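Asker: My structure file target-v3.json, JSON, C-alpha atoms, is below:
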[["chain", "number", "residue", "atom", "x", "y", "z"],
["O", 1, "MET", "CA", 0.00, 0.00, 0.00],
["O", 2, "THR", "CA", 1.38, 3.39, -0.88],
["O", 3, "MET", "CA", 0.46, 6.95, -0.02],
["O", 4, "GLN", "CA", 1.22, 10.13, -1.87],
["O", 5, "ASN", "CA", 1.61, 13.51, -0.21],
["O", 6, "ALA", "CA", 0.67, 16.82, -1.66],
["O", 7, "ARG", "CA", 4.08, 17.38, -3.31],
["O", 8, "GLY", "CA", 3.98, 14.05, -5.16],
["O", 9, "ARG", "CA", 6.47, 12.11, -3.02],
["O", 10, "ARG", "CA", 5.56, 8.63, -2.09],
["O", 11, "ARG", "CA", 6.30, 6.85, 1.11],
["O", 12, "ALA", "CA", 5.60, 3.38, 2.33],
["O", 13, "ALA", "CA", 3.07, 2.99, 5.07],
["O", 14, "GLY", "CA", 3.14, -0.03, 7.34],
["O", 15, "PRO", "CA", 1.07, -1.05, 10.30],
["O", 16, "ALA", "CA", 0.86, 1.56, 13.11],
["O", 17, "ALA", "CA", 3.49, 1.15, 15.86],
["O", 18, "GLU", "CA", 2.28, 0.32, 19.33],
["O", 19, "PRO", "CA", 2.95, 2.96, 22.01],
["O", 20, "ARG", "CA", 6.05, 2.25, 24.25],
["O", 21, "ALA", "CA", 5.11, 1.45, 27.79],
["O", 22, "ALA", "CA", 6.58, 3.87, 30.36],
["O", 23, "GLU", "CA", 9.12, 2.34, 32.75],
["O", 24, "VAL", "CA", 8.43, 2.71, 36.38],
["O", 25, "PHE", "CA", 11.39, 3.43, 38.71],
["O", 26, "ALA", "CA", 10.33, 2.37, 42.07],
["O", 27, "GLY", "CA", 13.76, 2.55, 43.75],
["O", 28, "GLU", "CA", 14.63, 5.57, 45.91],
["O", 29, "ARG", "CA", 17.87, 7.52, 45.55],
["O", 30, "PRO", "CA", 20.23, 6.69, 48.44],
["O", 31, "ARG", "CA", 20.77, 9.62, 50.79],
["O", 32, "ASP", "CA", 23.67, 10.55, 53.06],
["O", 33, "ALA", "CA", 22.69, 9.37, 56.51],
["O", 34, "GLN", "CA", 24.76, 12.09, 58.18],
["O", 35, "ARG", "CA", 23.65, 14.97, 55.97],
["O", 36, "GLU", "CA", 20.79, 16.13, 58.17],
["O", 37, "ALA", "CA", 22.92, 15.85, 61.31],
["O", 38, "ARG", "CA", 25.65, 17.99, 59.76],
["O", 39, "ARG", "CA", 23.16, 20.63, 58.65],
["O", 40, "HIS", "CA", 22.04, 21.14, 62.26],
["O", 41, "ARG", "CA", 25.55, 21.44, 63.72],
["O", 42, "SER", "CA", 26.71, 24.84, 64.93],
["O", 43, "PRO", "CA", 29.47, 26.64, 62.99],
["O", 44, "PHE", "CA", 31.91, 26.07, 65.88],
["O", 45, "ARG", "CA", 31.13, 22.33, 65.90],
["O", 46, "GLN", "CA", 31.75, 22.21, 62.15],
["O", 47, "VAL", "CA", 35.14, 23.92, 62.61],
["O", 48, "THR", "CA", 36.22, 21.55, 65.38],
["O", 49, "ASP", "CA", 35.15, 18.52, 63.33],
["O", 50, "PHE", "CA", 37.19, 19.77, 60.40],
["O", 51, "ALA", "CA", 40.15, 20.48, 62.70],
["O", 52, "ALA", "CA", 40.01, 16.93, 64.05],
["O", 53, "ALA", "CA", 40.12, 15.46, 60.55],
["O", 54, "SER", "CA", 42.87, 17.76, 59.27],
["O", 55, "GLY", "CA", 45.15, 17.58, 62.32],
["O", 56, "VAL", "CA", 45.34, 21.29, 63.14],
["O", 57, "GLY", "CA", 42.90, 21.43, 66.02],
["O", 58, "GLN", "CA", 45.28, 21.05, 68.92],
["O", 59, "LYS", "CA", 47.93, 23.38, 67.48],
["O", 60, "ALA", "CA", 45.38, 26.11, 66.75],
["O", 61, "GLY", "CA", 43.89, 25.82, 70.23],
["O", 62, "VAL", "CA", 47.26, 26.11, 71.94],
["O", 63, "ALA", "CA", 48.28, 29.08, 69.79],
["O", 64, "LEU", "CA", 45.05, 30.97, 70.49],
["O", 65, "ALA", "CA", 45.24, 30.31, 74.21],
["O", 66, "ALA", "CA", 48.89, 31.38, 74.42],
["O", 67, "THR", "CA", 48.25, 34.69, 72.68],
["O", 68, "GLY", "CA", 45.28, 35.51, 74.89],
["O", 69, "LEU", "CA", 42.83, 35.63, 72.00],
["O", 70, "LEU", "CA", 41.00, 32.62, 73.37],
["O", 71, "LEU", "CA", 40.97, 32.02, 77.09],
["O", 72, "THR", "CA", 39.56, 28.48, 77.11],
["O", 73, "VAL", "CA", 39.66, 26.12, 74.17],
["O", 74, "THR", "CA", 38.53, 22.52, 73.93],
["O", 75, "VAL", "CA", 39.36, 20.75, 70.69],
["O", 76, "PRO", "CA", 39.14, 17.12, 69.66],
["O", 77, "ALA", "CA", 42.27, 15.12, 69.16],
["O", 78, "THR", "CA", 43.41, 14.20, 65.71],
["O", 79, "SER", "CA", 42.20, 10.71, 64.85],
["O", 80, "PRO", "CA", 41.62, 8.76, 61.65],
["O", 81, "VAL", "CA", 38.27, 8.63, 59.91],
["O", 82, "MET", "CA", 36.57, 5.41, 60.91],
["O", 83, "ALA", "CA", 33.47, 3.59, 59.69],
["O", 84, "THR", "CA", 31.10, 1.84, 62.09],
["O", 85, "ALA", "CA", 28.70, -0.93, 61.32],
["O", 86, "ASP", "CA", 25.69, 0.76, 62.93],
["O", 87, "GLN", "CA", 26.02, 3.66, 60.50],
["O", 88, "GLY", "CA", 25.56, 1.44, 57.49],
["O", 89, "GLY", "CA", 29.12, 1.89, 56.26],
["O", 90, "ALA", "CA", 28.98, 5.71, 56.31],
["O", 91, "ALA", "CA", 32.19, 7.50, 57.38],
["O", 92, "ALA", "CA", 32.20, 9.19, 60.79],
["O", 93, "LEU", "CA", 34.77, 11.14, 62.73],
["O", 94, "SER", "CA", 35.96, 9.39, 65.82],
["O", 95, "SER", "CA", 37.44, 11.75, 68.36],
["O", 96, "ARG", "CA", 38.10, 12.07, 72.05],
["O", 97, "VAL", "CA", 38.08, 15.25, 74.08],
["O", 98, "GLN", "CA", 41.46, 16.59, 75.19],
["O", 99, "PRO", "CA", 42.16, 18.47, 78.44],
["O", 100, "GLN", "CA", 41.30, 22.14, 78.31],
["O", 101, "VAL", "CA", 44.05, 24.58, 77.27],
["O", 102, "SER", "CA", 43.72, 27.86, 79.10],
["O", 103, "ALA", "CA", 45.78, 31.02, 79.61],
["O", 104, "GLU", "CA", 45.21, 34.46, 80.99],
["O", 105, "ALA", "CA", 44.86, 37.38, 78.59],
["O", 106, "ALA", "CA", 48.10, 38.94, 79.86],
["O", 107, "ALA", "CA", 50.05, 35.69, 79.81],
["O", 108, "LYS", "CA", 53.60, 35.90, 78.49],
["O", 109, "ILE", "CA", 55.44, 33.18, 76.62],
["O", 110, "ASP", "CA", 59.00, 32.69, 77.83],
["O", 111, "PHE", "CA", 61.53, 31.46, 75.30],
["O", 112, "SER", "CA", 64.50, 31.68, 77.65],
["O", 113, "ARG", "CA", 67.38, 29.38, 76.93],
["O", 114, "THR", "CA", 70.23, 28.11, 79.04],
["O", 115, "SER", "CA", 72.89, 30.77, 79.28],
["O", 116, "VAL", "CA", 76.37, 29.87, 78.12],
["O", 117, "SER", "CA", 79.30, 31.85, 79.39],
["O", 118, "THR", "CA", 83.00, 31.52, 78.83],
["O", 119, "GLN", "CA", 85.89, 33.10, 80.64],
["O", 120, "GLY", "CA", 88.76, 33.73, 78.31],
["O", 121, "ASP", "CA", 92.20, 35.12, 78.94],
["O", 122, "PRO", "CA", 91.79, 38.91, 79.47],
["O", 123, "ASP", "CA", 95.30, 39.40, 78.08],
["O", 124, "SER", "CA", 94.62, 37.38, 74.91],
["O", 125, "LYS", "CA", 94.23, 40.42, 72.64],
["O", 126, "LEU", "CA", 97.38, 42.04, 73.96],
["O", 127, "LYS", "CA", 99.34, 38.79, 73.68],
["O", 128, "GLN", "CA", 98.25, 38.34, 70.07],
["O", 129, "LEU", "CA", 99.28, 41.89, 69.22],
["O", 130, "LEU", "CA", 102.67, 41.67, 70.88],
["O", 131, "SER", "CA", 103.48, 38.18, 69.57],
["O", 132, "ALA", "CA", 102.71, 39.16, 65.97],
["O", 133, "GLN", "CA", 104.66, 42.43, 65.93],
["O", 134, "SER", "CA", 106.55, 44.89, 68.08],
["O", 135, "ALA", "CA", 104.57, 47.48, 70.01],
["O", 136, "GLY", "CA", 105.96, 50.26, 67.80],
["O", 137, "SER", "CA", 104.23, 48.92, 64.67],
["O", 138, "ILE", "CA", 100.78, 48.45, 66.26],
["O", 139, "THR", "CA", 98.17, 50.93, 65.03],
["O", 140, "ARG", "CA", 95.87, 52.86, 67.37],
["O", 141, "ALA", "CA", 92.84, 51.04, 65.99],
["O", 142, "ALA", "CA", 94.43, 47.67, 66.76],
["O", 143, "SER", "CA", 95.65, 48.62, 70.25],
["O", 144, "ALA", "CA", 92.37, 50.15, 71.50],
["O", 145, "GLY", "CA", 91.00, 48.17, 74.44],
["O", 146, "SER", "CA", 94.05, 45.94, 74.84],
["O", 147, "LEU", "CA", 94.94, 47.39, 78.27],
["O", 148, "GLY", "CA", 92.73, 47.23, 81.32],
["O", 149, "ALA", "CA", 91.61, 50.20, 83.41],
["O", 150, "PRO", "CA", 94.11, 51.10, 86.19],
["O", 151, "LEU", "CA", 91.25, 52.46, 88.35],
["O", 152, "THR", "CA", 87.75, 51.25, 89.12],
["O", 153, "THR", "CA", 86.33, 54.64, 88.15],
["O", 154, "MET", "CA", 88.08, 56.38, 85.27],
["O", 155, "VAL", "CA", 87.56, 60.15, 85.47],
["O", 156, "LYS", "CA", 89.84, 61.91, 82.97],
["O", 157, "SER", "CA", 91.40, 65.17, 84.04],
["O", 158, "SER", "CA", 94.57, 66.41, 82.31],
["O", 159, "PRO", "CA", 95.14, 64.82, 78.86],
["O", 160, "PHE", "CA", 98.25, 63.54, 77.10],
["O", 161, "GLY", "CA", 100.19, 66.13, 75.07],
["O", 162, "TYR", "CA", 101.05, 69.78, 75.30],
["O", 163, "ARG", "CA", 99.33, 71.83, 78.02],
["O", 164, "VAL", "CA", 99.66, 74.72, 80.42],
["O", 165, "SER", "CA", 101.70, 73.59, 83.41],
["O", 166, "PRO", "CA", 99.54, 73.36, 86.56],
["O", 167, "ILE", "CA", 102.64, 74.07, 88.66],
["O", 168, "THR", "CA", 104.46, 76.89, 86.86],
["O", 169, "GLY", "CA", 101.57, 78.20, 84.76],
["O", 170, "GLY", "CA", 103.76, 78.22, 81.68],
["O", 171, "SER", "CA", 102.43, 77.09, 78.31],
["O", 172, "GLY", "CA", 103.92, 74.49, 76.05],
["O", 173, "GLU", "CA", 104.63, 71.85, 78.69],
["O", 174, "PHE", "CA", 104.48, 68.32, 77.32],
["O", 175, "HIS", "CA", 102.37, 66.06, 79.51],
["O", 176, "ARG", "CA", 103.72, 62.51, 79.19],
["O", 177, "GLY", "CA", 100.60, 60.66, 80.29],
["O", 178, "GLN", "CA", 96.89, 60.78, 81.05],
["O", 179, "ASP", "CA", 95.72, 61.99, 84.45],
["O", 180, "PHE", "CA", 92.72, 60.40, 86.17],
["O", 181, "ALA", "CA", 91.07, 62.02, 89.18],
["O", 182, "ALA", "CA", 91.16, 59.78, 92.25],
["O", 183, "GLU", "CA", 91.12, 60.33, 95.98],
["O", 184, "CYS", "CA", 94.33, 59.54, 97.80],
["O", 185, "GLY", "CA", 94.40, 55.89, 98.85],
["O", 186, "THR", "CA", 92.38, 54.62, 95.87],
["O", 187, "GLN", "CA", 93.46, 51.18, 94.65],
["O", 188, "VAL", "CA", 95.56, 51.15, 91.48],
["O", 189, "PHE", "CA", 95.48, 48.02, 89.26],
["O", 190, "ALA", "CA", 97.96, 46.57, 86.80],
["O", 191, "ALA", "CA", 96.73, 47.32, 83.26],
["O", 192, "ALA", "CA", 98.03, 43.96, 81.98],
["O", 193, "SER", "CA", 100.18, 41.01, 82.98],
["O", 194, "GLY", "CA", 103.90, 41.63, 83.14],
["O", 195, "THR", "CA", 106.99, 42.05, 85.28],
["O", 196, "VAL", "CA", 107.68, 44.96, 87.62],
["O", 197, "THR", "CA", 110.90, 46.68, 86.48],
["O", 198, "PHE", "CA", 110.76, 49.71, 88.79],
["O", 199, "ALA", "CA", 109.14, 50.46, 92.14],
["O", 200, "GLY", "CA", 110.39, 53.54, 94.00],
["O", 201, "TRP", "CA", 110.91, 57.26, 93.88],
["O", 202, "HIS", "CA", 111.01, 58.94, 90.48],
["O", 203, "PRO", "CA", 113.53, 61.86, 90.48],
["O", 204, "TYR", "CA", 111.80, 63.77, 87.67],
["O", 205, "GLY", "CA", 108.50, 64.65, 89.26],
["O", 206, "GLY", "CA", 106.67, 61.29, 89.18],
["O", 207, "GLY", "CA", 106.90, 60.79, 92.94],
["O", 208, "ASN", "CA", 106.30, 57.21, 93.99],
["O", 209, "ARG", "CA", 106.33, 55.29, 90.72],
["O", 210, "VAL", "CA", 105.77, 51.73, 89.47],
["O", 211, "VAL", "CA", 106.79, 50.51, 86.00],
["O", 212, "ILE", "CA", 105.55, 47.21, 84.49],
["O", 213, "ASN", "CA", 107.10, 45.63, 81.40],
["O", 214, "HIS", "CA", 104.54, 43.72, 79.28],
["O", 215, "GLY", "CA", 106.98, 42.49, 76.64],
["O", 216, "ASN", "CA", 107.86, 43.36, 73.05],
["O", 217, "GLY", "CA", 108.63, 46.98, 73.94],
["O", 218, "LEU", "CA", 105.37, 47.78, 75.80],
["O", 219, "GLU", "CA", 105.49, 49.30, 79.31],
["O", 220, "THR", "CA", 103.03, 51.06, 81.63],
["O", 221, "THR", "CA", 103.87, 53.44, 84.47],
["O", 222, "TYR", "CA", 101.86, 54.54, 87.52],
["O", 223, "ASN", "CA", 102.86, 57.81, 89.17],
["O", 224, "HIS", "CA", 102.27, 60.10, 92.20],
["O", 225, "LEU", "CA", 101.40, 57.04, 94.31],
["O", 226, "SER", "CA", 100.99, 57.28, 98.05],
["O", 227, "SER", "CA", 102.42, 53.75, 98.34],
["O", 228, "SER", "CA", 103.12, 50.62, 96.33],
["O", 229, "SER", "CA", 102.75, 46.92, 97.17],
["O", 230, "VAL", "CA", 105.04, 45.34, 94.56],
["O", 231, "ARG", "CA", 108.78, 44.90, 94.16],
["O", 232, "VAL", "CA", 111.17, 44.78, 91.22],
["O", 233, "GLY", "CA", 111.14, 41.42, 89.45],
["O", 234, "GLN", "CA", 107.66, 40.50, 90.68],
["O", 235, "LYS", "CA", 105.20, 38.96, 88.20],
["O", 236, "VAL", "CA", 101.78, 40.58, 88.21],
["O", 237, "ASN", "CA", 98.52, 39.81, 86.46],
["O", 238, "ARG", "CA", 96.02, 42.14, 84.88],
["O", 239, "GLY", "CA", 93.82, 43.62, 87.60],
["O", 240, "ASP", "CA", 96.21, 42.97, 90.51],
["O", 241, "VAL", "CA", 96.38, 45.77, 93.08],
["O", 242, "ILE", "CA", 99.89, 47.22, 92.80],
["O", 243, "ALA", "CA", 99.59, 50.54, 94.66],
["O", 244, "LEU", "CA", 97.43, 53.29, 96.15],
["O", 245, "SER", "CA", 96.94, 56.66, 94.47],
["O", 246, "GLY", "CA", 98.39, 59.82, 96.01],
["O", 247, "THR", "CA", 99.90, 63.21, 95.31],
["O", 248, "THR", "CA", 103.65, 62.66, 95.67],
["O", 249, "GLY", "CA", 106.20, 64.34, 93.40],
["O", 250, "ALA", "CA", 105.25, 67.20, 91.05],
["O", 251, "SER", "CA", 101.53, 67.06, 91.83],
["O", 252, "THR", "CA", 98.91, 69.60, 92.83],
["O", 253, "GLY", "CA", 96.36, 67.09, 94.18],
["O", 254, "CYS", "CA", 95.42, 63.44, 94.55],
["O", 255, "HIS", "CA", 95.25, 61.68, 91.20],
["O", 256, "LEU", "CA", 96.87, 58.95, 89.09],
["O", 257, "HIS", "CA", 99.28, 59.86, 86.31],
["O", 258, "PHE", "CA", 99.20, 56.87, 83.91],
["O", 259, "GLU", "CA", 101.71, 56.42, 81.09],
["O", 260, "VAL", "CA", 102.10, 53.96, 78.20],
["O", 261, "MET", "CA", 105.57, 53.60, 76.70],
["O", 262, "VAL", "CA", 106.40, 51.88, 73.42],
["O", 263, "ASN", "CA", 110.10, 51.14, 72.92],
["O", 264, "GLY", "CA", 110.93, 53.79, 75.55],
["O", 265, "GLU", "CA", 108.76, 56.52, 74.02],
["O", 266, "VAL", "CA", 105.51, 57.69, 75.59],
["O", 267, "VAL", "CA", 102.29, 57.45, 73.58],
["O", 268, "ASP", "CA", 98.70, 58.50, 74.28],
["O", 269, "PRO", "CA", 97.35, 56.03, 76.87],
["O", 270, "LEU", "CA", 93.80, 56.46, 75.57],
["O", 271, "GLY", "CA", 94.90, 54.67, 72.38],
["O", 272, "TRP", "CA", 95.44, 51.51, 74.45],
["O", 273, "LEU", "CA", 92.67, 51.67, 77.05]]
Represent the supplied structure as structure tokens.
Answerer:
Amino acid sequence: MTMQNARGRRRAAGPAAEPRAAEVFAGERPRDAQREARRHRSPFRQVTDFAAASGVGQKAGVALAATGLLLTVTVPATSPVMATADQGGAAALSSRVQPQVSAEAAAKIDFSRTSVSTQGDPDSKLKQLLSAQSAGSITRAASAGSLGAPLTTMVKSSPFGYRVSPITGGSGEFHRGQDFAAECGTQVFAAASGTVTFAGWHPYGGGNRVVINHGNGLETTYNHLSSSSVRVGQKVNRGDVIALSGTTGASTGCHLHFEVMVNGEVVDPLGWL
């Protein structure tokens, strides 16, 4: 049997097709058993659950408590995700509550460490300088700080170099050392280790005088002393009491006249102290 449409084309016509029966899906879509429970959790509970699974809960709680931003924090411990049979195979977070971490708002964190102290040779710098070269070739920058203070309190008075004489009042007098103000009877210390080469009266205005030889052309002298407690040939160490200050010799008052000599020539003591 054939049929012809209005435009003259022909097409075959067979028996009418039966309508396709609609399939019925009776099964229900599986749902997450924990979905509703999670929806009703508070935001803080959701954060702590996430922290337990990711492993940052305890560290974050301790950090907040230590900084005072959070005074009391309770966070679950980090534990693996476990599945239980009564949940039908659904994953659940298994956690246990840790002790509370608390700190006051004004709490301070102490990072103190064990102190380590060493006691080296106080003459080490001077020994290195003198062993490497003679005192005459040592620069001021290298010698600074190599000698110890001859007094507990160093109060500078009259400096090294040319000055007006405090005795005659004349100008152009060369002052061979550095004066330090000190009451009579003040302890005078050896500026470095060495050997006493002179202890007695100085005929050229120094009064009671002590001279210590430190080796390689370096010497120190201590003048206008009221008394001395060392003798020629005696070995002394840096910081040993060698005398008491005074005003003997060409002096107008109690003080210490301190000199540094390099190969017999005086130099500015402040370049060594």
Asker: Could you give me, as a PDB file with C-alpha atoms, keeping the file's coordinate frame, the residues that have an atom at most 12 Å away from the point (104.4, 56.0, 63.9) in the coordinates of the file, using all atoms listed in the file?
Answerer:
ATOM      1  CA  ALA O 135     104.570  47.480  70.010  1.00  0.00           C
ATOM      2  CA  GLY O 136     105.960  50.260  67.800  1.00  0.00           C
ATOM      3  CA  SER O 137     104.230  48.920  64.670  1.00  0.00           C
ATOM      4  CA  ILE O 138     100.780  48.450  66.260  1.00  0.00           C
ATOM      5  CA  THR O 139      98.170  50.930  65.030  1.00  0.00           C
ATOM      6  CA  ARG O 140      95.870  52.860  67.370  1.00  0.00           C
ATOM      7  CA  VAL O 262     106.400  51.880  73.420  1.00  0.00           C
ATOM      8  CA  ASN O 263     110.100  51.140  72.920  1.00  0.00           C
ATOM      9  CA  GLU O 265     108.760  56.520  74.020  1.00  0.00           C
ATOM     10  CA  VAL O 266     105.510  57.690  75.590  1.00  0.00           C
ATOM     11  CA  VAL O 267     102.290  57.450  73.580  1.00  0.00           C
TER      12      VAL O 267
END
Asker: In terms of the shortest atom-to-atom distance over all atoms listed in the file, which of O:Ala181, O:Leu225, O:Ala250, O:Ala190 is closest to O:Asn237?
Answerer: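 Of all the options, O:Ala190 lies closest to O:Asn237.
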Asker: What gap, in Å, lies between atom CA of O:Val232 and atom CA of O:Ser124?
Answerer: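 Interatomic distance here is 24.4 Å.
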Asker: Rounded to one decimal place, report the atom CA of O:Phe258-atom CA of O:Gly170 distance in Å.
Answerer: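 Here the two named atoms are 21.9 Å from each other.
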Asker: Would you mind reading off the distance between atom CA of O:Ala132 and atom CA of O:Ile212, one decimal, in Å?
Answerer: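 Atom CA of O:Ile212 lies at a distance of 20.4 Å from atom CA of O:Ala132.
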Asker: Restricting the calculation to only C-alpha atoms: of O:Ser193, O:Thr252, O:Ser102, O:Ser245, which residue gets closest to O:Ser229?
Answerer: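 Of the candidates, the smallest distance to O:Ser229 is held by O:Ser245.
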Asker: Would you kindly return, as an MDAnalysis selection string, each protein, DNA or RNA residue with an atom no farther than 10 Å from any atom of O:Lys127, considering only C-alpha atoms and excluding same-chain residues fewer than 2 positions away?
Answerer: chainID O and resid 121:125 129:132 146 192:193 214:216
Asker: Could you list, as a PyMOL selection string, every residue within 10 Å of O:Pro269, counting only C-alpha atoms and ignoring same-chain residues fewer than 4 positions away?
Answerer: chain O and resi 144+147+159-160+176-179+220+258-261+273
Asker: Of the candidates O:Val211, O:Ala141, O:Cys184, O:Val164, which shows the shortest atom-to-atom distance to O:Ser226, using all atoms listed in the file?
Answerer: O:Cys184
